[in-house]
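**Student:** Input file: run.cif. Contents: mmCIF, N, CA and C atoms.
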data_start
loop_
_atom_site.label_atom_id
_atom_site.label_comp_id
_atom_site.auth_asym_id
_atom_site.auth_seq_id
_atom_site.Cartn_x
_atom_site.Cartn_y
_atom_site.Cartn_z
N MET M 1 -28.58 -30.65 -2.84
CA MET M 1 -29.78 -30.83 -2.06
C MET M 1 -30.76 -29.72 -2.41
N ASN M 2 -32.02 -30.04 -2.49
CA ASN M 2 -33.06 -29.10 -2.89
C ASN M 2 -33.29 -28.06 -1.78
N PRO M 3 -33.23 -26.76 -2.12
CA PRO M 3 -33.43 -25.73 -1.10
C PRO M 3 -34.83 -25.77 -0.49
N LEU M 4 -35.83 -26.13 -1.29
CA LEU M 4 -37.19 -26.21 -0.73
C LEU M 4 -37.30 -27.31 0.32
N LEU M 5 -36.57 -28.39 0.09
CA LEU M 5 -36.56 -29.48 1.07
C LEU M 5 -35.92 -29.01 2.38
N ILE M 6 -34.85 -28.26 2.26
CA ILE M 6 -34.18 -27.73 3.45
C ILE M 6 -35.10 -26.77 4.20
N LEU M 7 -35.77 -25.86 3.46
CA LEU M 7 -36.68 -24.90 4.11
C LEU M 7 -37.86 -25.61 4.77
N GLY M 8 -38.38 -26.64 4.12
CA GLY M 8 -39.48 -27.41 4.71
C GLY M 8 -39.04 -28.09 5.99
N GLY M 9 -37.84 -28.65 5.98
CA GLY M 9 -37.31 -29.28 7.18
C GLY M 9 -37.10 -28.28 8.30
N MET M 10 -36.62 -27.08 7.94
CA MET M 10 -36.41 -26.06 8.97
C MET M 10 -37.75 -25.58 9.53
N ALA M 11 -38.78 -25.47 8.70
CA ALA M 11 -40.08 -25.05 9.21
C ALA M 11 -40.66 -26.10 10.15
N ALA M 12 -40.50 -27.38 9.79
CA ALA M 12 -40.99 -28.45 10.67
C ALA M 12 -40.21 -28.45 11.98
N ALA M 13 -38.91 -28.24 11.91
CA ALA M 13 -38.09 -28.20 13.13
C ALA M 13 -38.49 -27.01 13.99
N ARG M 14 -38.80 -25.89 13.37
CA ARG M 14 -39.20 -24.70 14.13
C ARG M 14 -40.52 -24.95 14.86
N ARG M 15 -41.48 -25.56 14.17
CA ARG M 15 -42.76 -25.88 14.82
C ARG M 15 -42.56 -26.84 15.97
N SER M 16 -41.72 -27.83 15.76
CA SER M 16 -41.47 -28.82 16.81
C SER M 16 -40.82 -28.17 18.03
N VAL M 17 -39.85 -27.32 17.81
CA VAL M 17 -39.18 -26.63 18.92
C VAL M 17 -40.16 -25.70 19.62
N HIS M 18 -40.98 -25.00 18.85
CA HIS M 18 -41.96 -24.08 19.42
C HIS M 18 -42.94 -24.83 20.32
N GLU M 19 -43.43 -25.97 19.87
CA GLU M 19 -44.36 -26.77 20.68
C GLU M 19 -43.67 -27.32 21.92
N ALA M 20 -42.42 -27.75 21.80
CA ALA M 20 -41.70 -28.28 22.96
C ALA M 20 -41.47 -27.20 24.00
N VAL M 21 -41.18 -25.99 23.56
CA VAL M 21 -40.97 -24.88 24.51
C VAL M 21 -42.27 -24.56 25.24
N HIS M 22 -43.39 -24.55 24.50
CA HIS M 22 -44.67 -24.28 25.15
C HIS M 22 -45.05 -25.38 26.14
N ARG M 23 -44.80 -26.64 25.79
CA ARG M 23 -45.09 -27.73 26.73
C ARG M 23 -44.24 -27.60 27.98
N SER M 24 -42.97 -27.27 27.80
CA SER M 24 -42.08 -27.11 28.95
C SER M 24 -42.52 -25.94 29.83
N ALA M 25 -42.92 -24.83 29.21
CA ALA M 25 -43.36 -23.67 29.98
C ALA M 25 -44.62 -23.99 30.77
N ARG M 26 -45.55 -24.72 30.17
CA ARG M 26 -46.76 -25.09 30.91
C ARG M 26 -46.41 -26.02 32.07
N GLY M 27 -45.48 -26.94 31.86
CA GLY M 27 -45.07 -27.84 32.95
C GLY M 27 -44.42 -27.09 34.09
N VAL M 28 -43.55 -26.13 33.76
CA VAL M 28 -42.88 -25.34 34.79
C VAL M 28 -43.90 -24.50 35.55
N ALA M 29 -44.86 -23.92 34.84
CA ALA M 29 -45.89 -23.12 35.50
C ALA M 29 -46.73 -23.98 36.44
N ALA M 30 -47.07 -25.18 36.01
CA ALA M 30 -47.86 -26.07 36.86
C ALA M 30 -47.09 -26.43 38.12
N TYR M 31 -45.80 -26.73 37.99
CA TYR M 31 -45.00 -27.04 39.18
C TYR M 31 -44.85 -25.82 40.08
N ALA M 32 -44.73 -24.64 39.51
CA ALA M 32 -44.61 -23.43 40.32
C ALA M 32 -45.88 -23.20 41.14
N VAL M 33 -47.04 -23.39 40.53
CA VAL M 33 -48.30 -23.24 41.25
C VAL M 33 -48.39 -24.29 42.36
N LEU M 34 -47.99 -25.51 42.05
CA LEU M 34 -48.01 -26.58 43.05
C LEU M 34 -47.11 -26.24 44.24
N VAL M 35 -45.92 -25.72 43.97
CA VAL M 35 -44.99 -25.38 45.05
C VAL M 35 -45.55 -24.24 45.90
N VAL M 36 -46.17 -23.25 45.27
CA VAL M 36 -46.75 -22.14 46.03
C VAL M 36 -47.84 -22.65 46.96
N PHE M 37 -48.72 -23.52 46.45
CA PHE M 37 -49.79 -24.05 47.30
C PHE M 37 -49.24 -24.95 48.41
N LEU M 38 -48.21 -25.71 48.11
CA LEU M 38 -47.63 -26.56 49.16
C LEU M 38 -46.99 -25.73 50.26
N PHE M 39 -46.29 -24.66 49.90
CA PHE M 39 -45.69 -23.81 50.92
C PHE M 39 -46.76 -23.07 51.73
N THR M 40 -47.84 -22.69 51.07
CA THR M 40 -48.95 -22.06 51.80
C THR M 40 -49.55 -23.04 52.81
N ALA M 41 -49.75 -24.28 52.37
CA ALA M 41 -50.29 -25.29 53.27
C ALA M 41 -49.33 -25.55 54.43
N LEU M 42 -48.03 -25.60 54.13
CA LEU M 42 -47.04 -25.80 55.19
C LEU M 42 -47.06 -24.65 56.19
N GLY M 43 -47.26 -23.43 55.70
CA GLY M 43 -47.34 -22.28 56.60
C GLY M 43 -48.54 -22.37 57.53
N PHE M 44 -49.69 -22.74 56.98
CA PHE M 44 -50.88 -22.89 57.84
C PHE M 44 -50.73 -24.05 58.80
N LEU M 45 -50.09 -25.14 58.36
CA LEU M 45 -49.86 -26.27 59.27
C LEU M 45 -48.94 -25.86 60.41
N THR M 46 -47.91 -25.08 60.10
CA THR M 46 -47.01 -24.59 61.14
C THR M 46 -47.76 -23.68 62.12
N ALA M 47 -48.60 -22.81 61.59
CA ALA M 47 -49.36 -21.91 62.46
C ALA M 47 -50.31 -22.71 63.36
N ALA M 48 -50.96 -23.72 62.80
CA ALA M 48 -51.88 -24.53 63.61
C ALA M 48 -51.13 -25.28 64.71
N CYS M 49 -49.98 -25.85 64.36
CA CYS M 49 -49.19 -26.55 65.38
C CYS M 49 -48.71 -25.58 66.46
N PHE M 50 -48.28 -24.41 66.04
CA PHE M 50 -47.81 -23.41 67.01
C PHE M 50 -48.94 -23.00 67.95
N LEU M 51 -50.12 -22.73 67.39
CA LEU M 51 -51.25 -22.32 68.25
C LEU M 51 -51.65 -23.43 69.20
N TYR M 52 -51.62 -24.67 68.75
CA TYR M 52 -51.96 -25.80 69.63
C TYR M 52 -50.94 -25.92 70.76
N LEU M 53 -49.64 -25.87 70.39
CA LEU M 53 -48.59 -25.96 71.41
C LEU M 53 -48.63 -24.77 72.35
N MET M 54 -48.98 -23.60 71.83
CA MET M 54 -49.04 -22.41 72.67
C MET M 54 -50.18 -22.52 73.69
N SER M 55 -51.28 -23.16 73.29
CA SER M 55 -52.38 -23.31 74.23
C SER M 55 -52.03 -24.29 75.36
N ILE M 56 -51.08 -25.19 75.10
CA ILE M 56 -50.69 -26.18 76.11
C ILE M 56 -49.53 -25.66 76.97
N TRP M 57 -48.43 -25.20 76.34
CA TRP M 57 -47.20 -24.87 77.08
C TRP M 57 -46.84 -23.40 77.10
N GLY M 58 -47.47 -22.56 76.33
CA GLY M 58 -47.13 -21.15 76.30
C GLY M 58 -46.38 -20.80 75.02
N ALA M 59 -46.25 -19.47 74.80
CA ALA M 59 -45.69 -18.99 73.54
C ALA M 59 -44.21 -19.30 73.38
N VAL M 60 -43.42 -19.12 74.43
CA VAL M 60 -41.97 -19.32 74.33
C VAL M 60 -41.65 -20.79 74.07
N THR M 61 -42.25 -21.67 74.83
CA THR M 61 -41.98 -23.10 74.66
C THR M 61 -42.48 -23.58 73.30
N ALA M 62 -43.64 -23.10 72.87
CA ALA M 62 -44.16 -23.49 71.55
C ALA M 62 -43.22 -23.03 70.45
N SER M 63 -42.68 -21.81 70.56
CA SER M 63 -41.73 -21.31 69.56
C SER M 63 -40.48 -22.17 69.53
N LEU M 64 -39.99 -22.56 70.69
CA LEU M 64 -38.79 -23.41 70.74
C LEU M 64 -39.05 -24.79 70.12
N ILE M 65 -40.22 -25.34 70.37
CA ILE M 65 -40.54 -26.65 69.82
C ILE M 65 -40.64 -26.59 68.30
N VAL M 66 -41.32 -25.58 67.76
CA VAL M 66 -41.46 -25.44 66.30
C VAL M 66 -40.09 -25.18 65.67
N ALA M 67 -39.26 -24.34 66.29
CA ALA M 67 -37.93 -24.08 65.76
C ALA M 67 -37.08 -25.34 65.77
N ALA M 68 -37.17 -26.12 66.84
CA ALA M 68 -36.40 -27.37 66.91
C ALA M 68 -36.88 -28.37 65.86
N ALA M 69 -38.18 -28.43 65.62
CA ALA M 69 -38.70 -29.35 64.61
C ALA M 69 -38.17 -28.98 63.22
N TYR M 70 -38.18 -27.68 62.89
CA TYR M 70 -37.65 -27.27 61.59
C TYR M 70 -36.14 -27.45 61.51
N ALA M 71 -35.43 -27.25 62.59
CA ALA M 71 -33.98 -27.47 62.59
C ALA M 71 -33.67 -28.95 62.35
N ILE M 72 -34.43 -29.83 62.97
CA ILE M 72 -34.21 -31.27 62.77
C ILE M 72 -34.53 -31.67 61.33
N LEU M 73 -35.64 -31.15 60.78
CA LEU M 73 -35.98 -31.44 59.38
C LEU M 73 -34.90 -30.91 58.43
N GLY M 74 -34.41 -29.71 58.69
CA GLY M 74 -33.36 -29.14 57.84
C GLY M 74 -32.07 -29.93 57.93
N LEU M 75 -31.69 -30.35 59.15
CA LEU M 75 -30.48 -31.15 59.32
C LEU M 75 -30.61 -32.51 58.63
N ALA M 76 -31.79 -33.13 58.75
CA ALA M 76 -32.01 -34.42 58.10
C ALA M 76 -31.92 -34.27 56.58
N GLY M 77 -32.51 -33.22 56.03
CA GLY M 77 -32.42 -32.98 54.58
C GLY M 77 -30.99 -32.72 54.14
N PHE M 78 -30.26 -31.93 54.94
CA PHE M 78 -28.87 -31.65 54.62
C PHE M 78 -28.04 -32.92 54.61
N LEU M 79 -28.23 -33.76 55.63
CA LEU M 79 -27.46 -35.00 55.70
C LEU M 79 -27.82 -35.96 54.56
N MET M 80 -29.09 -35.99 54.17
CA MET M 80 -29.48 -36.84 53.04
C MET M 80 -28.80 -36.40 51.76
N ILE M 81 -28.73 -35.09 51.55
CA ILE M 81 -28.09 -34.58 50.34
C ILE M 81 -26.58 -34.83 50.38
N ARG M 82 -25.96 -34.63 51.55
CA ARG M 82 -24.51 -34.82 51.67
C ARG M 82 -24.07 -36.26 51.51
N THR M 83 -24.92 -37.21 51.94
CA THR M 83 -24.52 -38.61 51.91
C THR M 83 -24.78 -39.27 50.57
N GLN M 84 -25.46 -38.60 49.67
CA GLN M 84 -25.68 -39.19 48.35
C GLN M 84 -24.35 -39.28 47.63
N LYS M 85 -24.14 -40.43 47.00
CA LYS M 85 -22.89 -40.63 46.26
C LYS M 85 -22.95 -39.86 44.95
N THR M 86 -21.88 -39.14 44.67
CA THR M 86 -21.78 -38.48 43.38
C THR M 86 -20.91 -39.34 42.48
N ALA M 87 -21.26 -39.38 41.24
CA ALA M 87 -20.51 -40.19 40.28
C ALA M 87 -19.17 -39.51 40.02
N SER M 88 -18.10 -40.20 40.35
CA SER M 88 -16.77 -39.64 40.10
C SER M 88 -16.37 -39.99 38.67
N PRO M 89 -15.66 -39.09 38.02
CA PRO M 89 -15.26 -39.38 36.64
C PRO M 89 -14.27 -40.54 36.62
N SER M 90 -14.43 -41.37 35.62
CA SER M 90 -13.54 -42.52 35.52
C SER M 90 -12.15 -42.06 35.09
N PRO M 91 -11.11 -42.65 35.67
CA PRO M 91 -9.76 -42.20 35.34
C PRO M 91 -9.32 -42.62 33.94
N GLU M 92 -9.93 -43.65 33.39
CA GLU M 92 -9.55 -44.13 32.07
C GLU M 92 -10.40 -43.46 31.00
N PRO M 93 -9.77 -43.04 29.90
CA PRO M 93 -10.58 -42.47 28.81
C PRO M 93 -11.41 -43.57 28.15
N LEU M 94 -12.59 -43.18 27.70
CA LEU M 94 -13.45 -44.13 27.02
C LEU M 94 -12.88 -44.47 25.64
N PRO M 95 -13.02 -45.72 25.21
CA PRO M 95 -12.49 -46.08 23.89
C PRO M 95 -13.32 -45.44 22.78
N LEU M 96 -12.67 -45.17 21.67
CA LEU M 96 -13.37 -44.60 20.52
C LEU M 96 -14.29 -45.64 19.90
N SER M 97 -15.44 -45.19 19.43
CA SER M 97 -16.35 -46.12 18.79
C SER M 97 -15.96 -46.36 17.34
N THR M 98 -15.12 -45.49 16.78
CA THR M 98 -14.66 -45.69 15.41
C THR M 98 -13.17 -46.00 15.42
N THR M 99 -12.74 -46.73 14.44
CA THR M 99 -11.33 -47.10 14.36
C THR M 99 -10.54 -45.99 13.66
N VAL M 100 -9.24 -46.07 13.78
CA VAL M 100 -8.36 -45.08 13.16
C VAL M 100 -8.48 -45.16 11.64
N ASP M 101 -8.66 -46.36 11.09
CA ASP M 101 -8.80 -46.51 9.65
C ASP M 101 -10.05 -45.80 9.13
N GLU M 102 -11.16 -45.91 9.88
CA GLU M 102 -12.39 -45.24 9.47
C GLU M 102 -12.23 -43.72 9.51
N ILE M 103 -11.51 -43.23 10.49
CA ILE M 103 -11.29 -41.79 10.59
C ILE M 103 -10.43 -41.30 9.42
N ALA M 104 -9.39 -42.05 9.10
CA ALA M 104 -8.51 -41.68 7.99
C ALA M 104 -9.28 -41.72 6.66
N LYS M 105 -10.15 -42.72 6.49
CA LYS M 105 -10.94 -42.82 5.26
C LYS M 105 -11.91 -41.65 5.14
N ALA M 106 -12.54 -41.27 6.26
CA ALA M 106 -13.48 -40.15 6.23
C ALA M 106 -12.76 -38.83 5.97
N ALA M 107 -11.53 -38.70 6.48
CA ALA M 107 -10.77 -37.47 6.25
C ALA M 107 -10.33 -37.36 4.80
N ALA M 108 -10.03 -38.50 4.16
CA ALA M 108 -9.58 -38.50 2.77
C ALA M 108 -10.74 -38.34 1.79
N SER M 109 -11.95 -38.58 2.22
CA SER M 109 -13.11 -38.52 1.34
C SER M 109 -13.42 -37.08 0.99
N ARG M 110 -13.92 -36.86 -0.21
CA ARG M 110 -14.28 -35.52 -0.65
C ARG M 110 -15.76 -35.21 -0.42
N ASP M 111 -16.54 -36.17 0.04
CA ASP M 111 -17.95 -35.96 0.30
C ASP M 111 -18.12 -35.15 1.59
N VAL M 112 -19.20 -34.38 1.63
CA VAL M 112 -19.52 -33.63 2.84
C VAL M 112 -20.24 -34.58 3.79
N PRO M 113 -19.73 -34.76 5.00
CA PRO M 113 -20.40 -35.67 5.92
C PRO M 113 -21.77 -35.13 6.34
N GLY M 114 -22.65 -36.05 6.70
CA GLY M 114 -24.01 -35.67 7.09
C GLY M 114 -24.03 -34.80 8.34
N GLY M 115 -23.06 -34.98 9.22
CA GLY M 115 -23.01 -34.19 10.44
C GLY M 115 -22.82 -32.71 10.15
N VAL M 116 -22.01 -32.39 9.15
CA VAL M 116 -21.78 -30.99 8.79
C VAL M 116 -23.07 -30.37 8.26
N ILE M 117 -23.80 -31.13 7.46
CA ILE M 117 -25.07 -30.63 6.92
C ILE M 117 -26.06 -30.40 8.07
N ALA M 118 -26.11 -31.35 9.02
CA ALA M 118 -27.03 -31.20 10.15
C ALA M 118 -26.69 -29.98 10.99
N VAL M 119 -25.40 -29.76 11.24
CA VAL M 119 -24.99 -28.59 12.01
C VAL M 119 -25.36 -27.31 11.27
N GLY M 120 -25.18 -27.30 9.96
CA GLY M 120 -25.57 -26.14 9.16
C GLY M 120 -27.06 -25.88 9.23
N LEU M 121 -27.86 -26.94 9.15
CA LEU M 121 -29.31 -26.78 9.24
C LEU M 121 -29.73 -26.25 10.61
N PHE M 122 -29.12 -26.78 11.67
CA PHE M 122 -29.45 -26.29 13.00
C PHE M 122 -29.02 -24.84 13.19
N ALA M 123 -27.89 -24.47 12.63
CA ALA M 123 -27.44 -23.08 12.73
C ALA M 123 -28.41 -22.16 11.99
N ALA M 124 -28.84 -22.57 10.81
CA ALA M 124 -29.80 -21.77 10.05
C ALA M 124 -31.13 -21.67 10.79
N ALA M 125 -31.58 -22.79 11.36
CA ALA M 125 -32.84 -22.76 12.12
C ALA M 125 -32.72 -21.83 13.32
N GLY M 126 -31.59 -21.87 14.02
CA GLY M 126 -31.38 -20.98 15.15
C GLY M 126 -31.36 -19.52 14.73
N TYR M 127 -30.75 -19.25 13.59
CA TYR M 127 -30.71 -17.89 13.08
C TYR M 127 -32.11 -17.37 12.78
N PHE M 128 -32.90 -18.18 12.06
CA PHE M 128 -34.25 -17.75 11.71
C PHE M 128 -35.15 -17.63 12.94
N MET M 129 -34.98 -18.51 13.91
CA MET M 129 -35.77 -18.42 15.13
C MET M 129 -35.40 -17.15 15.91
N GLY M 130 -34.12 -16.84 15.97
CA GLY M 130 -33.69 -15.62 16.64
C GLY M 130 -34.22 -14.38 15.97
N ARG M 131 -34.23 -14.38 14.66
CA ARG M 131 -34.77 -13.22 13.93
C ARG M 131 -36.27 -13.07 14.15
N SER M 132 -36.98 -14.20 14.16
CA SER M 132 -38.44 -14.11 14.35
C SER M 132 -38.76 -13.65 15.76
N MET M 133 -37.94 -14.05 16.74
CA MET M 133 -38.18 -13.61 18.11
C MET M 133 -37.83 -12.13 18.27
N ALA M 134 -36.82 -11.67 17.55
CA ALA M 134 -36.43 -10.26 17.63
C ALA M 134 -37.49 -9.36 17.00
N ARG M 135 -38.19 -9.85 15.97
CA ARG M 135 -39.23 -9.06 15.32
C ARG M 135 -40.45 -8.88 16.20
N ARG M 136 -40.71 -9.81 17.10
CA ARG M 136 -41.91 -9.75 17.93
C ARG M 136 -41.81 -8.66 18.99
N ARG M 137 -40.63 -8.25 19.34
CA ARG M 137 -40.45 -7.27 20.42
C ARG M 137 -40.69 -5.89 19.95
#
If you took the structure in this file and wrote it as structure tokens, what would it be?
**Tutor:**
Amino acid sequence: MNPLLILGGMAAARRSVHEAVHRSARGVAAYAVLVVFLFTALGFLTAACFLYLMSIWGAVTASLIVAAAYAILGLAGFLMIRTQKTASPSPEPLPLSTTVDEIAKAAASRDVPGGVIAVGLFAAAGYFMGRSMARRR
């Protein structure tokens, strides 16, 4: 196999991984900002409800009502999570997609399988990416 072809493939894979990491980081940052604003809004909503209830029934009763409301919401969320069915592992092993004859033929062959080449390319790409990240620090 041509070494230039391998290096070109590794450079393309590096660019692709670099772009995917940046897209993921931007998505995570956007969700983090959204969560911060939602919690801020929830805090102001709680304060507004507390002040309204306090003007009607007093501070102690308003505190008890807000605490009970959050306890009920927390219990409902807990019960929803607990009642979700989790997928249990199947007791039977899955059948092989290849037959025993195909495995024996591949073991007897002297050719290098494509999977070994792919693993080698990914290992080399990981090595070069690690080195480039170490140089930036």
**Student:** When you draw a straight line from atom N of Leu79 in chain M to CA of Ala67 in chain M, how long is it in Å?
**Tutor:**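 One can read the atom N of Leu79 in chain M to CA of Ala67 in chain M distance as 17.0 Å.
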**Student:** Take CA of Met133 in chain M and atom C of Ser16 in chain M and report the distance between them in Å, one decimal.
**Tutor:**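 It comes out at 14.8 Å.
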**Student:** Between CA of Val36 in chain M and atom C of Ser24 in chain M, what is the distance in Å, rounded to a tenth?
**Tutor:**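 A separation of 17.2 Å between them.
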